[in-house]
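**Student:** Here you go, work_12.txt (compact mmCIF, C-alpha atoms):
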# COMPACT_ATOMS: atom_id res chain seq x y z
CA GLY A 163 116.71 109.04 93.45
CA GLU A 164 117.12 105.97 95.62
CA VAL A 165 116.53 102.52 94.15
CA TRP A 166 113.93 100.47 95.97
CA HIS A 167 112.84 97.03 94.74
CA GLY A 168 114.11 97.92 91.28
CA LEU A 169 112.23 101.24 91.19
CA THR A 170 113.66 104.71 91.60
CA LYS A 171 112.06 106.25 94.69
CA ARG A 172 111.18 109.91 94.66
CA VAL A 173 110.02 110.71 98.18
CA CYS A 174 108.02 113.84 98.96
CA LEU A 175 107.29 115.00 102.49
CA ILE A 176 104.40 117.38 103.09
CA GLY A 177 104.28 119.66 106.11
CA GLU A 178 101.34 121.81 107.07
CA SER A 179 102.69 125.36 107.23
CA HIS A 180 105.23 127.72 108.72
CA TYR A 181 104.87 129.84 111.82
CA VAL A 182 106.90 133.01 111.54
CA SER A 183 107.67 135.73 114.01
CA PRO A 184 107.95 138.52 112.96
CA PRO A 185 105.52 138.25 110.02
CA ASP A 186 107.85 140.14 107.65
CA GLU A 187 110.14 137.07 107.63
CA ASP A 188 107.54 135.21 105.55
CA SER A 189 108.47 134.86 101.89
CA GLU A 190 107.90 132.57 98.94
CA HIS A 191 111.43 131.19 99.51
CA LEU A 192 111.04 130.55 103.26
CA THR A 193 110.63 126.76 103.01
CA HIS A 194 113.62 126.45 100.66
CA ASP A 195 115.75 128.64 102.94
CA ILE A 196 114.84 126.66 106.06
CA ILE A 197 115.58 123.30 104.43
CA LYS A 198 118.89 124.62 103.09
CA ASP A 199 119.87 125.87 106.57
CA ILE A 200 118.95 122.52 108.12
CA ARG A 201 120.82 120.58 105.46
CA ASP A 202 123.90 122.75 105.90
CA GLY A 203 123.80 122.50 109.71
CA ARG A 204 123.01 126.18 110.34
CA ARG A 205 119.65 125.35 111.95
CA ARG A 206 118.17 122.53 113.98
CA LEU A 207 114.40 122.31 114.32
CA PRO A 208 112.75 119.31 116.02
CA PHE A 209 110.04 118.91 113.33
CA TYR A 210 112.62 118.40 110.57
CA THR A 211 114.85 116.19 112.71
CA LYS A 212 111.88 113.89 113.42
CA ALA A 213 110.85 113.84 109.75
CA ALA A 214 114.36 112.83 108.69
CA ALA A 215 114.43 110.09 111.33
CA ILE A 216 111.10 108.67 110.14
CA VAL A 217 111.99 108.61 106.46
CA GLY A 218 115.72 108.00 106.77
CA ASP A 219 115.20 104.29 107.40
CA LEU A 220 113.46 103.98 104.04
CA LEU A 221 116.42 105.44 102.17
CA ASP A 222 119.88 103.99 101.72
CA LYS A 223 121.92 105.57 104.53
CA SER A 224 125.21 104.71 102.82
CA ARG A 225 124.74 107.52 100.33
CA GLU A 226 126.95 110.54 100.79
CA LYS A 227 124.26 113.00 99.77
CA PRO A 228 122.56 114.73 102.73
CA PHE A 229 119.04 113.55 103.56
CA TRP A 230 117.45 116.86 102.55
CA ASP A 231 119.06 116.63 99.09
CA ARG A 232 117.37 113.25 98.53
CA VAL A 233 113.76 114.14 99.28
CA ALA A 234 111.33 116.85 98.24
CA PHE A 235 109.52 118.88 100.88
CA PHE A 236 106.77 121.44 100.74
CA ASN A 237 104.17 122.84 103.08
CA PHE A 238 100.55 122.31 102.13
CA ILE A 239 99.72 125.89 103.11
CA PRO A 240 101.99 128.16 101.06
CA THR A 241 102.16 130.99 103.64
CA SER A 242 102.85 131.40 107.33
CA VAL A 243 99.71 130.87 109.41
CA GLY A 244 100.82 132.96 112.36
CA ARG A 245 103.52 133.68 114.89
CA GLU A 246 103.21 130.59 117.10
CA SER A 247 102.81 126.87 116.42
CA THR A 248 99.40 127.03 118.10
CA ALA A 249 98.05 129.22 115.27
CA VAL A 250 95.21 127.56 113.38
CA PRO A 251 95.02 127.96 109.58
CA SER A 252 92.00 129.83 108.26
CA ARG A 253 89.62 128.41 105.68
CA GLU A 254 91.21 130.70 103.07
CA MET A 255 94.66 129.31 103.90
CA TRP A 256 93.44 125.72 103.45
CA GLU A 257 91.85 126.71 100.12
CA ALA A 258 95.13 128.30 98.97
CA GLY A 259 96.93 125.09 99.91
CA ALA A 260 94.46 122.98 97.96
CA ARG A 261 94.98 125.16 94.84
CA HIS A 262 98.76 124.68 95.04
CA PHE A 263 98.74 120.99 95.96
CA ILE A 264 98.14 119.25 92.61
CA PRO A 265 100.52 121.51 90.61
CA ARG A 266 103.26 120.76 93.15
CA LEU A 267 102.56 117.03 92.94
CA ILE A 268 102.70 117.13 89.15
CA ALA A 269 105.95 119.14 89.18
CA LEU A 270 107.69 116.87 91.71
CA GLN A 271 106.37 113.54 90.34
CA PRO A 272 106.94 111.63 93.60
CA THR A 273 106.58 107.87 93.81
CA HIS A 274 105.98 108.08 97.58
CA VAL A 275 104.35 110.82 99.65
CA LEU A 276 104.38 111.12 103.42
CA SER A 277 102.01 113.65 104.94
CA LEU A 278 103.60 114.83 108.18
CA GLY A 279 100.34 115.84 109.81
CA GLN A 280 96.85 114.45 110.17
CA ARG A 281 95.21 117.86 109.85
CA GLN A 282 96.60 118.58 106.37
CA TRP A 283 96.08 114.95 105.31
CA ASN A 284 92.41 115.50 106.07
CA HIS A 285 92.40 118.62 103.82
CA ILE A 286 93.87 116.90 100.75
CA THR A 287 91.30 116.77 97.98
CA PHE A 288 91.59 115.92 94.32
CA PRO A 289 90.09 117.53 91.23
CA VAL A 290 88.07 115.67 88.63
CA GLY A 291 90.24 113.10 86.88
CA TRP A 292 92.28 112.26 89.98
CA ARG A 293 91.64 109.28 92.27
CA SER A 294 92.72 108.39 95.78
CA LEU A 295 92.32 104.65 96.21
CA PRO A 296 92.72 102.80 99.52
CA ASP A 297 95.31 100.05 99.83
CA ALA A 298 93.65 96.65 100.31
CA ARG A 299 95.88 95.83 103.30
CA ASN A 300 96.07 99.19 105.06
CA SER A 301 93.43 101.93 104.82
CA ASP A 302 95.99 104.57 105.92
CA ILE A 303 97.87 104.02 102.65
CA ARG A 304 96.46 105.43 99.43
CA LEU A 305 97.31 105.15 95.76
CA TRP A 306 96.97 108.53 94.10
CA GLU A 307 96.38 108.45 90.34
CA GLY A 308 96.21 111.39 87.98
CA PRO A 309 94.62 111.70 84.54
CA ALA A 310 98.01 111.83 82.77
CA GLY A 311 99.20 108.57 84.32
CA GLN A 312 100.65 110.07 87.50
CA ARG A 313 100.83 107.48 90.31
CA CYS A 314 102.22 107.55 93.81
CA ILE A 315 101.76 105.82 97.13
CA ALA A 316 100.74 108.15 99.95
CA THR A 317 100.19 107.97 103.66
Could you render the structure as C-alpha cells?
**Tutor:**
Amino acid sequence: GEVWHGLTKRVCLIGESHYVSPPDEDSEHLTHDIIKDIRDGRRRLPFYTKAAAIVGDLLDKSREKPFWDRVAFFNFIPTSVGRESTAVPSREMWEAGARHFIPRLIALQPTHVLSLGQRQWNHITFPVGWRSLPDARNSDIRLWEGPAGQRCIAT
C-alpha cells in the first residue's frame, strides 16, 4: 500500500454495477476481468479512466505499479443490472448488494473508501455493531467503524 502521513493507505473504490450486453457475458469474475483488461491496456472505458484520475492524485505517482494494482475495486451490486447504462437496479439487486457489502469491506480492510456514485452511496447501510459517523468538518466524509475494530474514512 501507499504511505500517507505515516500510515499505509489501502484505497477501495466502489462502483454501482455493470451493464452487460449480451446478458450471457455476466459472470462472477466480470469485474476482475474488466479491471485486468483496463490495467493491461486491452480496454479503455471512460468510467474507469475518470476514477483513476480522481484517485491518482492521492497516490504516489512515482510508483511503477499500475494504478489498478494499487487500489481495490468492487461494484456494490454484484450482478449486471441490464444491457444499457440507463438500466435502473431493482430493489432485489440493491438488497443483494447490501448483503455483500460488509463482507467485502471486512475482507479488503480499506483505510479509505471512495463511492463512485451518489445512488449507491445512498444505499449503503450498516448492520448492528457498525457505525457511520460524520466528519466534524465535512458532512460528506464519514468514519466507518466495525465491531471488531475496523475503521476507514469514506466519502
**Student:** Tell me, as JSON, numbers by chain, which residues lie within 6 Å of stretch 224-238 of chain A, counting only C-alpha atoms; anything in the same chain fewer than 3 positions away does not count.
**Tutor:** {"A": [173, 174, 175, 176, 177, 178, 179, 201, 259]}
**Student:** Find, counting only C-alpha atoms, the residue in A:Val243, A:Ile200, A:Val217, A:Ala260 that gets nearest to A:Val182.
**Tutor:**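 Of A:Val243, A:Ile200, A:Val217, A:Ala260, the one nearest A:Val182, counting only C-alpha atoms, is A:Val243.
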**Student:** Tell me which of A:Ala215, A:Gly308, A:Arg172, A:Arg205 sits closest to A:Val290, counting all atoms listed in the file.
**Tutor:** A:Gly308
**Student:** Report the distance between atom CA of A:Arg281 and atom CA of A:Trp306 in Å, rounded to one decimal place.
**Tutor:**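 Rounded to one decimal, the two atoms are 18.4 Å apart.
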**Student:** Measure the distance from atom CA of A:Asp297 to atom CA of A:Ala214 in Å and round it to one decimal.
**Tutor:**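 A separation of 24.6 Å between them.
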**Student:** For A:Ala310, which residue among A:Gly218, A:Pro296, A:Pro251, A:Gly291 is the nearest when counting all atoms listed in the file?
**Tutor:**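 Once distances to A:Ala310 are computed over all atoms listed in the file, the minimum belongs to A:Gly291.
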**Student:** Considering all atoms listed in the file, can you say which of A:Pro289, A:Asn284, A:Tyr181, A:Thr317 comes closest to A:Ile196?
**Tutor:** A:Tyr181
**Student:** So what do you get for atom CA of A:Glu257 versus atom CA of A:Ile239, distance-wise?
**Tutor:**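 It comes out at 8.5 Å.
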**Student:** For A:Ala213, which residue out of A:Leu278, A:Val250, A:Ile264, A:Met255 is the nearest one, using all atoms listed in the file?
**Tutor:** A:Leu278
**Student:** Would you kindly return, as a short mmCIF file (atom, residue, chain, number, x, y, z; two decimals) with C-alpha atoms, keeping the file's coordinate frame, each protein, DNA or RNA residue with an atom no farther than 9 Å from any atom of A:His180, considering only C-alpha atoms and excluding same-chain residues fewer than 5 positions away?
**Tutor:**
data_model
loop_
_atom_site.label_atom_id
_atom_site.label_comp_id
_atom_site.auth_asym_id
_atom_site.auth_seq_id
_atom_site.Cartn_x
_atom_site.Cartn_y
_atom_site.Cartn_z
CA ASP A 188 107.54 135.21 105.55
CA LEU A 192 111.04 130.55 103.26
CA THR A 193 110.63 126.76 103.01
CA ASN A 237 104.17 122.84 103.08
CA ILE A 239 99.72 125.89 103.11
CA PRO A 240 101.99 128.16 101.06
CA THR A 241 102.16 130.99 103.64
CA SER A 242 102.85 131.40 107.33
CA VAL A 243 99.71 130.87 109.41
CA GLY A 244 100.82 132.96 112.36
CA ARG A 245 103.52 133.68 114.89
CA SER A 247 102.81 126.87 116.42
#
